[in-house]
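Visitor: Sharing query.cif (mmCIF, C-alpha atoms and all ligand atoms) below.
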```
data_entry
loop_
_atom_site.group_PDB
_atom_site.id
_atom_site.type_symbol
_atom_site.label_atom_id
_atom_site.label_comp_id
_atom_site.auth_asym_id
_atom_site.auth_seq_id
_atom_site.Cartn_x
_atom_site.Cartn_y
_atom_site.Cartn_z
ATOM 1 C CA MET I 1494 96.230 88.645 109.408
ATOM 2 C CA THR I 1495 93.868 85.659 109.525
ATOM 3 C CA THR I 1496 91.046 84.771 111.858
ATOM 4 C CA ASP I 1497 88.740 81.837 111.560
ATOM 5 C CA PRO I 1498 85.253 83.399 111.306
ATOM 6 C CA THR I 1499 83.778 80.268 112.875
ATOM 7 C CA SER I 1500 85.564 81.275 116.095
ATOM 8 C CA ILE I 1501 83.239 84.268 116.505
ATOM 9 C CA PRO I 1502 80.860 83.674 119.388
ATOM 10 C CA ALA I 1503 77.294 83.059 118.293
ATOM 11 C CA ILE I 1504 75.470 86.250 117.337
ATOM 12 C CA PRO I 1505 73.109 87.235 120.143
ATOM 13 C CA ALA I 1506 69.698 85.934 119.136
ATOM 14 C CA ALA I 1507 68.276 89.441 118.963
ATOM 15 C CA ALA I 1508 70.888 90.615 116.496
ATOM 16 C CA SER I 1509 70.333 87.719 114.097
ATOM 17 C CA ASP I 1510 66.566 87.942 114.291
ATOM 18 C CA VAL I 1511 64.845 89.668 111.379
ATOM 19 C CA ALA I 1512 62.033 91.060 113.519
ATOM 20 C CA ALA I 1513 64.487 92.473 116.055
ATOM 21 C CA ILE I 1514 66.599 94.054 113.328
ATOM 22 C CA GLY I 1515 63.470 95.491 111.715
ATOM 23 C CA ALA I 1516 62.268 97.036 114.973
ATOM 24 C CA ASP I 1517 65.692 98.462 115.735
ATOM 25 C CA VAL I 1518 66.017 99.911 112.224
ATOM 26 C CA GLY I 1519 62.651 101.595 112.556
ATOM 27 C CA ARG I 1520 63.618 103.277 115.803
ATOM 28 C CA ARG I 1521 66.940 104.458 114.392
ATOM 29 C CA LEU I 1522 65.424 105.682 111.126
ATOM 30 C CA ALA I 1523 62.787 107.704 112.985
ATOM 31 C CA ALA I 1524 65.415 109.183 115.311
ATOM 32 C CA LEU I 1525 67.626 110.145 112.368
ATOM 33 C CA ARG I 1526 64.776 111.860 110.524
ATOM 34 C CA LEU I 1527 63.851 113.774 113.671
ATOM 35 C CA ALA I 1528 67.398 114.875 114.447
ATOM 36 C CA ARG I 1529 68.489 115.571 110.827
ATOM 37 C CA PRO I 1530 72.150 115.223 111.857
ATOM 38 C CA LEU I 1531 74.793 117.311 110.149
ATOM 39 C CA VAL I 1532 77.176 114.927 108.394
ATOM 40 C CA HIS I 1533 80.593 116.346 107.570
ATOM 41 C CA ASN I 1534 81.918 114.722 104.381
ATOM 42 C CA ILE I 1535 85.485 114.780 103.181
ATOM 43 C CA THR I 1536 84.834 112.729 100.107
ATOM 44 C CA ASN I 1537 85.961 112.306 96.529
ATOM 45 C CA TYR I 1538 84.936 114.437 93.551
ATOM 46 C CA VAL I 1539 82.991 111.539 92.009
ATOM 47 C CA ALA I 1540 80.916 110.809 95.118
ATOM 48 C CA MET I 1541 80.078 114.331 96.289
ATOM 49 C CA ASP I 1542 76.795 114.642 94.409
ATOM 50 C CA LEU I 1543 75.377 111.174 95.111
ATOM 51 C CA SER I 1544 76.479 111.241 98.751
ATOM 52 C CA ALA I 1545 74.863 114.624 99.391
ATOM 53 C CA ASN I 1546 71.618 113.624 97.683
ATOM 54 C CA VAL I 1547 71.468 110.251 99.409
ATOM 55 C CA LEU I 1548 72.016 111.932 102.794
ATOM 56 C CA LEU I 1549 69.259 114.444 102.102
ATOM 57 C CA ALA I 1550 66.945 111.648 100.973
ATOM 58 C CA ILE I 1551 67.463 109.586 104.108
ATOM 59 C CA GLY I 1552 66.850 112.666 106.263
ATOM 60 C CA ALA I 1553 70.323 113.929 107.185
ATOM 61 C CA SER I 1554 71.992 117.260 106.452
ATOM 62 C CA PRO I 1555 75.159 116.903 104.332
ATOM 63 C CA ALA I 1556 78.098 119.277 104.027
ATOM 64 C CA MET I 1557 81.137 118.693 101.837
ATOM 65 C CA VAL I 1558 84.021 120.521 103.535
ATOM 66 C CA HIS I 1559 87.655 119.604 102.937
ATOM 67 C CA ALA I 1560 89.969 122.663 103.278
ATOM 68 C CA ILE I 1561 92.536 122.067 105.986
ATOM 69 C CA GLU I 1562 91.923 125.617 107.256
ATOM 70 C CA GLU I 1563 88.347 124.762 108.307
ATOM 71 C CA VAL I 1564 87.897 121.007 108.839
ATOM 72 C CA GLU I 1565 88.722 120.981 112.555
ATOM 73 C CA GLU I 1566 86.316 123.828 113.239
ATOM 74 C CA PHE I 1567 83.604 122.240 111.095
ATOM 75 C CA VAL I 1568 83.766 118.745 112.508
ATOM 76 C CA ALA I 1569 83.386 120.138 116.029
ATOM 77 C CA PHE I 1570 79.705 120.981 115.460
ATOM 78 C CA SER I 1571 78.903 118.005 113.199
ATOM 79 C CA GLY I 1572 77.018 114.893 114.262
ATOM 80 C CA ALA I 1573 79.389 112.596 112.392
ATOM 81 C CA LEU I 1574 82.229 112.650 109.865
ATOM 82 C CA VAL I 1575 82.978 110.509 106.822
ATOM 83 C CA ILE I 1576 86.433 110.424 105.285
ATOM 84 C CA ASN I 1577 86.712 108.904 101.823
ATOM 85 C CA ILE I 1578 90.095 108.646 100.101
ATOM 86 C CA GLY I 1579 88.747 108.187 96.554
ATOM 87 C CA THR I 1580 90.436 111.117 94.797
ATOM 88 C CA LEU I 1581 93.492 111.636 96.907
ATOM 89 C CA SER I 1582 96.227 114.268 96.954
ATOM 90 C CA ALA I 1583 98.764 115.299 99.595
ATOM 91 C CA PRO I 1584 96.923 118.420 100.911
ATOM 92 C CA TRP I 1585 93.723 116.425 101.201
ATOM 93 C CA ILE I 1586 95.471 113.740 103.255
ATOM 94 C CA ASP I 1587 96.623 116.336 105.785
ATOM 95 C CA ALA I 1588 93.089 117.730 106.005
ATOM 96 C CA MET I 1589 91.670 114.221 106.453
ATOM 97 C CA VAL I 1590 94.084 113.391 109.261
ATOM 98 C CA ALA I 1591 93.409 116.732 110.979
ATOM 99 C CA ALA I 1592 89.647 116.185 110.780
ATOM 100 C CA ALA I 1593 89.901 112.591 112.004
ATOM 101 C CA ALA I 1594 92.115 113.633 114.911
ATOM 102 C CA ALA I 1595 89.665 116.392 115.878
ATOM 103 C CA ALA I 1596 86.731 113.971 115.679
ATOM 104 C CA ARG I 1597 88.590 111.511 117.854
ATOM 105 C CA ARG I 1598 89.466 114.175 120.454
ATOM 106 C CA LYS I 1599 85.859 115.372 120.626
ATOM 107 C CA GLY I 1600 84.255 111.928 120.584
ATOM 108 C CA ILE I 1601 82.493 112.519 117.273
ATOM 109 C CA PRO I 1602 81.893 109.246 115.409
ATOM 110 C CA TRP I 1603 83.618 108.935 112.061
ATOM 111 C CA VAL I 1604 83.646 106.529 109.134
ATOM 112 C CA LEU I 1605 86.637 105.676 106.963
ATOM 113 C CA ASP I 1606 85.955 104.644 103.365
ATOM 114 C CA PRO I 1607 89.333 103.335 102.131
ATOM 115 C CA VAL I 1608 88.592 103.619 98.412
ATOM 116 C CA GLY I 1609 91.248 101.868 96.325
ATOM 117 C CA ALA I 1610 93.221 100.695 99.386
ATOM 118 C CA GLY I 1611 96.075 98.466 98.279
ATOM 119 C CA ALA I 1612 96.318 100.079 94.841
ATOM 120 C CA THR I 1613 99.130 102.564 95.535
ATOM 121 C CA THR I 1614 101.631 103.510 98.213
ATOM 122 C CA LEU I 1615 99.978 106.945 98.612
ATOM 123 C CA ARG I 1616 96.665 105.285 99.507
ATOM 124 C CA ASP I 1617 98.207 102.763 101.874
ATOM 125 C CA ARG I 1618 100.146 105.460 103.730
ATOM 126 C CA ALA I 1619 97.008 107.582 104.017
ATOM 127 C CA VAL I 1620 95.033 104.610 105.330
ATOM 128 C CA ALA I 1621 97.710 103.886 107.946
ATOM 129 C CA ARG I 1622 97.640 107.482 109.187
ATOM 130 C CA LEU I 1623 93.837 107.499 109.284
ATOM 131 C CA MET I 1624 93.555 104.142 111.047
ATOM 132 C CA ALA I 1625 95.803 105.569 113.784
ATOM 133 C CA GLU I 1626 93.007 108.082 114.465
ATOM 134 C CA LYS I 1627 90.631 105.241 115.369
ATOM 135 C CA PRO I 1628 87.654 105.333 112.978
ATOM 136 C CA THR I 1629 84.360 104.270 114.494
ATOM 137 C CA VAL I 1630 83.493 102.313 111.350
ATOM 138 C CA VAL I 1631 85.532 101.206 108.345
ATOM 139 C CA ARG I 1632 83.310 100.550 105.286
ATOM 140 C CA GLY I 1633 84.758 99.182 102.096
ATOM 141 C CA ASN I 1634 84.334 96.627 99.364
ATOM 142 C CA ALA I 1635 85.922 93.217 99.850
ATOM 143 C CA SER I 1636 89.232 93.978 98.117
ATOM 144 C CA GLU I 1637 89.626 97.183 100.129
ATOM 145 C CA ILE I 1638 88.952 95.463 103.458
ATOM 146 C CA LEU I 1639 91.437 92.672 102.601
ATOM 147 C CA ALA I 1640 94.039 95.374 101.838
ATOM 148 C CA VAL I 1641 93.376 97.425 104.991
ATOM 149 C CA ALA I 1642 93.546 94.255 107.090
ATOM 150 C CA GLY I 1643 96.882 93.335 105.485
ATOM 151 C CA ALA I 1644 95.416 90.006 104.388
ATOM 152 C CA ALA I 1645 96.484 88.092 101.294
ATOM 153 C CA GLY I 1646 94.355 87.708 98.184
ATOM 154 C CA ALA I 1647 93.084 91.222 97.431
ATOM 155 C CA ALA I 1648 92.268 91.372 93.722
ATOM 156 C CA ALA I 1649 90.956 94.879 93.121
ATOM 157 C CA LYS I 1650 90.545 96.534 89.771
ATOM 158 C CA GLY I 1651 91.242 100.127 90.789
ATOM 159 C CA VAL I 1652 88.348 101.179 93.005
ATOM 160 C CA ASP I 1653 86.219 98.121 92.166
ATOM 161 C CA SER I 1654 86.350 94.868 94.086
ATOM 162 C CA GLY I 1655 87.651 91.660 92.569
ATOM 163 C CA ASN I 1656 86.732 89.700 95.685
ATOM 164 C CA SER I 1657 83.497 88.581 97.285
ATOM 165 C CA SER I 1658 82.636 89.654 100.809
ATOM 166 C CA ASP I 1659 82.849 85.970 101.833
ATOM 167 C CA GLU I 1660 86.549 86.057 100.941
ATOM 168 C CA ALA I 1661 87.007 89.098 103.201
ATOM 169 C CA ARG I 1662 84.912 87.909 106.162
ATOM 170 C CA ALA I 1663 87.819 86.615 108.256
ATOM 171 C CA ALA I 1664 89.879 89.708 107.451
ATOM 172 C CA ALA I 1665 86.982 91.936 108.504
ATOM 173 C CA VAL I 1666 86.717 90.206 111.872
ATOM 174 C CA ALA I 1667 90.484 90.406 112.375
ATOM 175 C CA LEU I 1668 90.531 94.090 111.387
ATOM 176 C CA ALA I 1669 87.683 94.873 113.785
ATOM 177 C CA ARG I 1670 89.494 93.107 116.624
ATOM 178 C CA ALA I 1671 92.831 94.754 115.875
ATOM 179 C CA SER I 1672 91.496 98.287 115.349
ATOM 180 C CA GLY I 1673 88.447 98.507 117.603
ATOM 181 C CA ALA I 1674 86.381 99.714 114.638
ATOM 182 C CA VAL I 1675 83.148 98.226 113.390
ATOM 183 C CA VAL I 1676 83.951 96.857 109.927
ATOM 184 C CA VAL I 1677 81.425 96.772 107.075
ATOM 185 C CA VAL I 1678 82.319 94.748 103.973
ATOM 186 C CA THR I 1679 79.928 95.202 101.071
ATOM 187 C CA GLY I 1680 79.124 93.132 98.013
ATOM 188 C CA ALA I 1681 76.311 90.762 97.054
ATOM 189 C CA VAL I 1682 76.294 90.024 100.791
ATOM 190 C CA ASP I 1683 77.058 92.841 103.227
ATOM 191 C CA VAL I 1684 78.891 91.820 106.389
ATOM 192 C CA ILE I 1685 78.931 93.951 109.535
ATOM 193 C CA THR I 1686 81.170 92.960 112.439
ATOM 194 C CA ASP I 1687 82.664 94.435 115.578
ATOM 195 C CA GLY I 1688 84.933 91.429 115.998
ATOM 196 C CA THR I 1689 82.504 89.766 118.399
ATOM 197 C CA ARG I 1690 79.144 90.098 116.705
ATOM 198 C CA LEU I 1691 78.562 89.563 112.996
ATOM 199 C CA VAL I 1692 75.484 90.130 110.831
ATOM 200 C CA ALA I 1693 75.290 89.347 107.103
ATOM 201 C CA LEU I 1694 72.564 90.946 104.959
ATOM 202 C CA ALA I 1695 71.796 90.038 101.332
ATOM 203 C CA ASP I 1696 69.758 92.926 99.979
ATOM 204 C CA GLY I 1697 70.804 95.500 97.382
ATOM 205 C CA ASP I 1698 70.816 94.830 93.652
ATOM 206 C CA PRO I 1699 73.607 94.184 91.123
ATOM 207 C CA LEU I 1700 72.638 97.485 89.437
ATOM 208 C CA MET I 1701 74.273 99.208 92.427
ATOM 209 C CA THR I 1702 77.656 98.164 91.026
ATOM 210 C CA ARG I 1703 76.843 99.949 87.735
ATOM 211 C CA VAL I 1704 76.257 103.329 89.375
ATOM 212 C CA THR I 1705 79.416 105.020 90.584
ATOM 213 C CA ALA I 1706 79.782 105.973 94.241
ATOM 214 C CA THR I 1707 77.023 103.788 95.697
ATOM 215 C CA GLY I 1708 79.570 102.409 98.161
ATOM 216 C CA CYS I 1709 80.774 105.913 99.028
ATOM 217 C CA ALA I 1710 77.193 107.053 99.626
ATOM 218 C CA LEU I 1711 76.580 104.047 101.888
ATOM 219 C CA SER I 1712 79.576 105.109 103.987
ATOM 220 C CA ALA I 1713 77.939 108.535 104.340
ATOM 221 C CA VAL I 1714 74.644 106.908 105.387
ATOM 222 C CA VAL I 1715 76.490 104.833 107.995
ATOM 223 C CA ALA I 1716 77.885 108.120 109.371
ATOM 224 C CA ALA I 1717 74.358 109.577 109.531
ATOM 225 C CA PHE I 1718 73.148 106.585 111.568
ATOM 226 C CA LEU I 1719 76.138 106.917 113.930
ATOM 227 C CA ALA I 1720 75.323 110.510 114.887
ATOM 228 C CA GLY I 1721 74.215 110.809 118.489
ATOM 229 C CA PRO I 1722 74.835 108.329 121.265
ATOM 230 C CA SER I 1723 74.679 104.893 119.769
ATOM 231 C CA ASP I 1724 75.982 101.349 119.641
ATOM 232 C CA ALA I 1725 78.101 101.667 116.486
ATOM 233 C CA PHE I 1726 77.519 98.050 115.502
ATOM 234 C CA ALA I 1727 73.719 98.334 115.694
ATOM 235 C CA ALA I 1728 73.812 101.697 113.907
ATOM 236 C CA ALA I 1729 75.883 100.221 111.074
ATOM 237 C CA VAL I 1730 73.529 97.225 110.759
ATOM 238 C CA ALA I 1731 70.563 99.622 110.526
ATOM 239 C CA ALA I 1732 72.248 101.775 107.877
ATOM 240 C CA VAL I 1733 73.189 98.789 105.733
ATOM 241 C CA ALA I 1734 69.701 97.273 106.080
ATOM 242 C CA VAL I 1735 67.920 100.469 105.021
ATOM 243 C CA TYR I 1736 70.308 101.043 102.125
ATOM 244 C CA GLY I 1737 70.114 97.460 100.869
ATOM 245 C CA VAL I 1738 66.335 97.237 101.014
ATOM 246 C CA ALA I 1739 66.014 100.603 99.237
ATOM 247 C CA GLY I 1740 68.316 99.273 96.524
ATOM 248 C CA ARG I 1741 66.336 96.095 96.127
ATOM 249 C CA LEU I 1742 63.028 97.968 95.877
ATOM 250 C CA ALA I 1743 64.476 100.586 93.494
ATOM 251 C CA ALA I 1744 65.374 97.836 91.026
ATOM 252 C CA PHE I 1745 61.630 97.159 90.643
ATOM 253 C CA ASP I 1746 60.982 100.837 89.860
ATOM 254 C CA ALA I 1747 63.804 101.255 87.330
ATOM 255 C CA ASP I 1748 63.727 100.083 83.715
ATOM 256 C CA GLY I 1749 66.850 97.962 84.035
ATOM 257 C CA GLY I 1750 69.277 100.764 83.264
ATOM 258 C CA PRO I 1751 71.725 102.290 85.767
ATOM 259 C CA ALA I 1752 70.635 105.895 85.243
ATOM 260 C CA THR I 1753 66.960 105.301 86.013
ATOM 261 C CA PHE I 1754 68.036 103.036 88.869
ATOM 262 C CA ARG I 1755 70.077 105.882 90.409
ATOM 263 C CA THR I 1756 67.020 108.143 90.424
ATOM 264 C CA ALA I 1757 64.716 105.410 91.697
ATOM 265 C CA PHE I 1758 67.175 104.579 94.445
ATOM 266 C CA VAL I 1759 67.322 108.139 95.801
ATOM 267 C CA ASP I 1760 63.503 108.241 95.702
ATOM 268 C CA ARG I 1761 63.252 104.918 97.572
ATOM 269 C CA LEU I 1762 65.626 106.168 100.265
ATOM 270 C CA ALA I 1763 63.442 109.244 100.734
ATOM 271 C CA ARG I 1764 60.250 107.185 101.077
ATOM 272 C CA ILE I 1765 61.458 104.061 102.854
ATOM 273 C CA GLY I 1766 59.801 103.257 106.152
ATOM 274 C CA ALA I 1767 60.580 100.933 108.998
ATOM 275 C CA GLU I 1768 57.839 98.493 107.941
ATOM 276 C CA GLU I 1769 59.352 97.956 104.490
ATOM 277 C CA VAL I 1770 62.778 97.344 105.960
ATOM 278 C CA ALA I 1771 61.424 94.946 108.565
ATOM 279 C CA PHE I 1772 59.391 93.132 105.918
ATOM 280 C CA ALA I 1773 62.099 92.905 103.264
ATOM 281 C CA VAL I 1774 65.468 92.733 105.050
ATOM 282 C CA THR I 1775 67.326 89.514 104.209
ATOM 283 C CA VAL I 1776 69.507 88.175 107.005
ATOM 284 C CA VAL I 1777 71.814 85.345 105.937
ATOM 285 C CA PRO I 1778 73.954 82.949 108.004
HETATM 286 N N1 LIG I 1801 76.208 91.823 93.479
HETATM 287 C C1 LIG I 1801 75.512 92.669 94.227
HETATM 288 N N2 LIG I 1801 74.197 92.439 94.461
HETATM 289 C C2 LIG I 1801 73.494 93.280 95.228
HETATM 290 N N3 LIG I 1801 73.997 94.407 95.816
HETATM 291 C C3 LIG I 1801 75.293 94.674 95.630
HETATM 292 C C4 LIG I 1801 76.123 93.823 94.835
HETATM 293 N N4 LIG I 1801 77.376 94.345 94.845
HETATM 294 C C5 LIG I 1801 77.328 95.467 95.605
HETATM 295 N N5 LIG I 1801 76.080 95.656 96.073
HETATM 296 C C6 LIG I 1801 75.631 96.784 96.918
HETATM 297 O O1 LIG I 1801 76.189 97.969 96.374
HETATM 298 C C7 LIG I 1801 76.570 98.875 97.413
HETATM 299 C C8 LIG I 1801 78.030 99.264 97.213
HETATM 300 O O2 LIG I 1801 78.808 98.140 97.515
HETATM 301 P P1 LIG I 1801 80.192 97.828 96.780
HETATM 302 O O3 LIG I 1801 80.014 97.785 95.304
HETATM 303 O O4 LIG I 1801 80.736 96.606 97.429
HETATM 304 O O5 LIG I 1801 81.077 99.056 97.245
HETATM 305 P P2 LIG I 1801 81.999 100.025 96.425
HETATM 306 O O6 LIG I 1801 81.049 100.821 95.565
HETATM 307 O O7 LIG I 1801 82.696 100.823 97.451
HETATM 308 O O8 LIG I 1801 82.917 99.156 95.603
HETATM 309 C C9 LIG I 1801 76.266 98.163 98.718
HETATM 310 O O9 LIG I 1801 75.033 98.627 99.213
HETATM 311 C C10 LIG I 1801 76.157 96.685 98.339
HETATM 312 O O10 LIG I 1801 75.245 95.984 99.157
HETATM 313 C C1 LIG I 1802 85.355 105.994 90.172
HETATM 314 C C2 LIG I 1802 86.106 106.588 91.294
HETATM 315 N N1 LIG I 1802 87.409 106.957 91.144
HETATM 316 C C3 LIG I 1802 87.919 107.476 92.244
HETATM 317 S S1 LIG I 1802 86.818 107.551 93.515
HETATM 318 C C4 LIG I 1802 85.599 106.841 92.561
HETATM 319 C C5 LIG I 1802 84.246 106.547 93.081
HETATM 320 C C6 LIG I 1802 84.217 105.211 93.722
HETATM 321 O O1 LIG I 1802 82.939 104.970 94.262
HETATM 322 P P1 LIG I 1802 82.571 103.589 94.938
HETATM 323 O O2 LIG I 1802 83.704 103.225 95.838
HETATM 324 O O3 LIG I 1802 81.343 103.847 95.719
HETATM 325 O O4 LIG I 1802 82.389 102.588 93.835
HETATM 326 MG MG MG I 1803 84.135 102.206 97.324
#
```
Any chance you could put this one into structure tokens?
Guide:
Amino acid sequence: MTTDPTSIPAIPAAASDVAAIGADVGRRLAALRLARPLVHNITNYVAMDLSANVLLAIGASPAMVHAIEEVEEFVAFSGALVINIGTLSAPWIDAMVAAAAAARRKGIPWVLDPVGAGATTLRDRAVARLMAEKPTVVRGNASEILAVAGAAGAAAKGVDSGNSSDEARAAAVALARASGAVVVVTGAVDVITDGTRLVALADGDPLMTRVTATGCALSAVVAAFLAGPSDAFAAAVAAVAVYGVAGRLAAFDADGGPATFRTAFVDRLARIGAEEVAFAVTVVP
């Protein structure tokens, strides 16, 4: 699947404009903190702690609920759902598909994090079943997005990316067009596209790659921003902007090590305001 990214129509001026993104982020951040949306997470064992703490810090209400006997009931009163295939097993896949199908039926936005897509047949089959349930957003690293899009060149090392987001940009656009999902590809540059619009943000810090589950927790934050009536593309841009700026600022607070960075990052997410995001967000061509 290949698409020339230069064929994407020009980004509407407002969406590529730092001030406009900053103002929009501020509105969405305030709304999220007021609503404190319940975010239903079916996520991996590694990411549960960071995802829950990151969601609490940003102002959402997390719940980690994965038993097949209760996911359909639970998602029905949630603001959004995130499904993350990081530590997969057959019963979990059935619960994920049931939850995704229920979310789809009820119009509840949901995010797919295709951790390790392309690595094994089990993962690829799970991704295919989940994509059939029409995720609102797919968020992955570059190797994962190349794999989900069926594009050549994915070079993952397990759950870590061996590709840059630039390498996955065309695949992200093609995947968005083919699936109807907003696609977020992360890396040194984060790319958000709905197949028509595309925004690239260069915040974050390399220390984020040395703390496990930062990508998983971003997928949960995207879900929090999707809760409530919303343009999924704008909500995803806001989530990525807030997360990236918090990461960049946290690197100043930490002593250079990943463990202090993790703590500083959660603290930054809890304190971050619209002004900081508007001031610091880095939009790239
Ligand atoms: N080289 C980098 N410089 C700055 N931020 C990065 C870098 N690589 C990843 N990030 C940030 O780390 C977070 C997780 O992204 P990524 O590592 O691509 O996902 P995953 O953890 O799923 O592999 C994102 O917020 C992304 O912006
Ligand atoms: C290490 C690991 N193994 C299975 S899931 C997981 C966490 C992956 O987190 P992220 O995708 O955010 O790097
Ligand atoms: Mg990941």
Visitor: Given the choices I:Gly1697, I:Gly1646, I:Pro1607, I:Pro1555, which gets closest to ligand LIG 1802 (chain I) if the distance is worked out from only C-alpha atoms and all ligand atoms?
Guide: I:Pro1607
Visitor: Please provide the set of residues having any atom within 10 Å of Asp1542 in chain I, restricted to only C-alpha atoms, with same-chain residues fewer than 5 positions apart removed, written as number ranges by chain.
Guide: I: 1537, 1547, 1557, 1706, 1710
Visitor: If you measure from CA of Met1541 in chain I to CA of Leu1639 in chain I, what distance in Å do you get, rounded to one decimal?
Guide: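 Atom-to-atom, CA of Met1541 in chain I to CA of Leu1639 in chain I, that is 25.3 Å.
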Visitor: Evaluate the PyMOL selection byres (((not hetatm)) within 9 of (chain I and resi 1802)) here and jot the selected residues down as a ChimeraX atom specification.
Guide: /I:1536-1540,1577-1581,1606-1609,1633-1634,1651-1654,1701-1712
Visitor: Would you compute the distance between CA of Thr1629 in chain I and CA of Asp1724 in chain I? Give it in Å to one decimal.
Guide: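 Computed distance, CA of Thr1629 in chain I to CA of Asp1724 in chain I, equals 10.3 Å.
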Visitor: When you draw a straight line from atom C4 of ligand LIG 1801 (chain I) to CA of Ala1665 in chain I, how long is it in Å?
Guide: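 Between atom C4 of ligand LIG 1801 (chain I) and CA of Ala1665 in chain I the gap works out to 17.6 Å.
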Visitor: Given only C-alpha atoms as the basis, pick out the residue of I:Ser1582, I:Thr1753, I:Thr1679, I:Ser1636 nearest to Gly1611 in chain I.
Guide: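 Ranked by minimum distance to Gly1611 in chain I, first place goes to I:Ser1636.
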Visitor: Can you pull out every residue within 8 Å of Gly1737 in chain I, counting all atoms listed in the file, but drop anything in the same chain fewer than 3 positions away, and send it as a PyMOL selection string?
Guide: chain I and resi 1695-1698+1733-1734+1740-1741+1774
Visitor: From the list I:Lys1627, I:Arg1632, I:Arg1690, I:Lys1650, which residue is nearest Arg1598 in chain I when using only C-alpha atoms?
Guide: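 Among the listed residues, I:Lys1627 lies closest to Arg1598 in chain I.
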Visitor: I'd like the residues picked by the PyMOL selection byres (((chain I and resi 1517) around 12) and not hetatm) written out as an MDAnalysis selection string, using the chain letters and numbers from the file.
Guide: chainID I and resid 1507:1516 1518:1524 1718 1723:1724 1726:1732 1734:1735 1767:1768 1770:1771
Visitor: Decode the PyMOL selection byres (((chain I and resi 1531) around 6) and not hetatm) for the given file into explicit residues and return them as a PyMOL selection string.
Guide: chain I and resi 1530+1532+1554-1555+1571-1572
Visitor: Name the residues within 12 Å of (85.0, 88.1, 105.1), counting only C-alpha atoms in the file's coordinates, and put them as number ranges by chain.
Guide: I: 1495-1499, 1633-1639, 1642, 1644, 1646-1647, 1656-1669, 1676-1680, 1682-1686, 1688, 1691-1693
Visitor: I need the residue nearest ligand MG 1803 (chain I) from this list: I:Ile1576, I:Leu1549, I:Ala1674, I:Ala1619. Use all atoms listed in the file for the distance.
Guide: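 Closest candidate: I:Ile1576.
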Visitor: Hey, could you pull the box centre and edge lengths for ligand LIG 1801 (chain I), axis-aligned, 3 Å padding per side, all listed atoms, to one decimal in Å, as JSON?
Guide:
```
{"center_x": 78.2, "center_y": 96.3, "center_z": 96.3, "size_x": 15.4, "size_y": 15.0, "size_z": 11.7}
```
Visitor: Could you pull the residues within 9 Å of Phe1754 in chain I, counting all atoms listed in the file, minus those fewer than 2 positions along the same chain, as a ChimeraX atom specification?
Guide: /I:1700-1701,1704,1740,1743-1752,1756-1759
Visitor: Can you tell me, as a PyMOL selection string, what residues are no more than 6 Å from Ala1592 in chain I when counting all atoms listed in the file, ignoring any on the same chain fewer than 2 positions away?
Guide: chain I and resi 1564-1565+1589-1590+1594-1595
Visitor: Return the single residue from I:Gly1673, I:Gly1552, I:Pro1699, I:Gly1600 that is closest to Met1624 in chain I, with distances computed using all atoms listed in the file.
Guide: I:Gly1673
Visitor: For each of I:Ala1681, I:Val1620, I:Val1675, I:Leu1605, take the minimum atom-to-atom distance to ligand MG 1803 (chain I), counting all atoms listed in the file, then give the residue where this is smallest.
Guide: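 Among the listed residues, the smallest separation from ligand MG 1803 (chain I) belongs to I:Leu1605.
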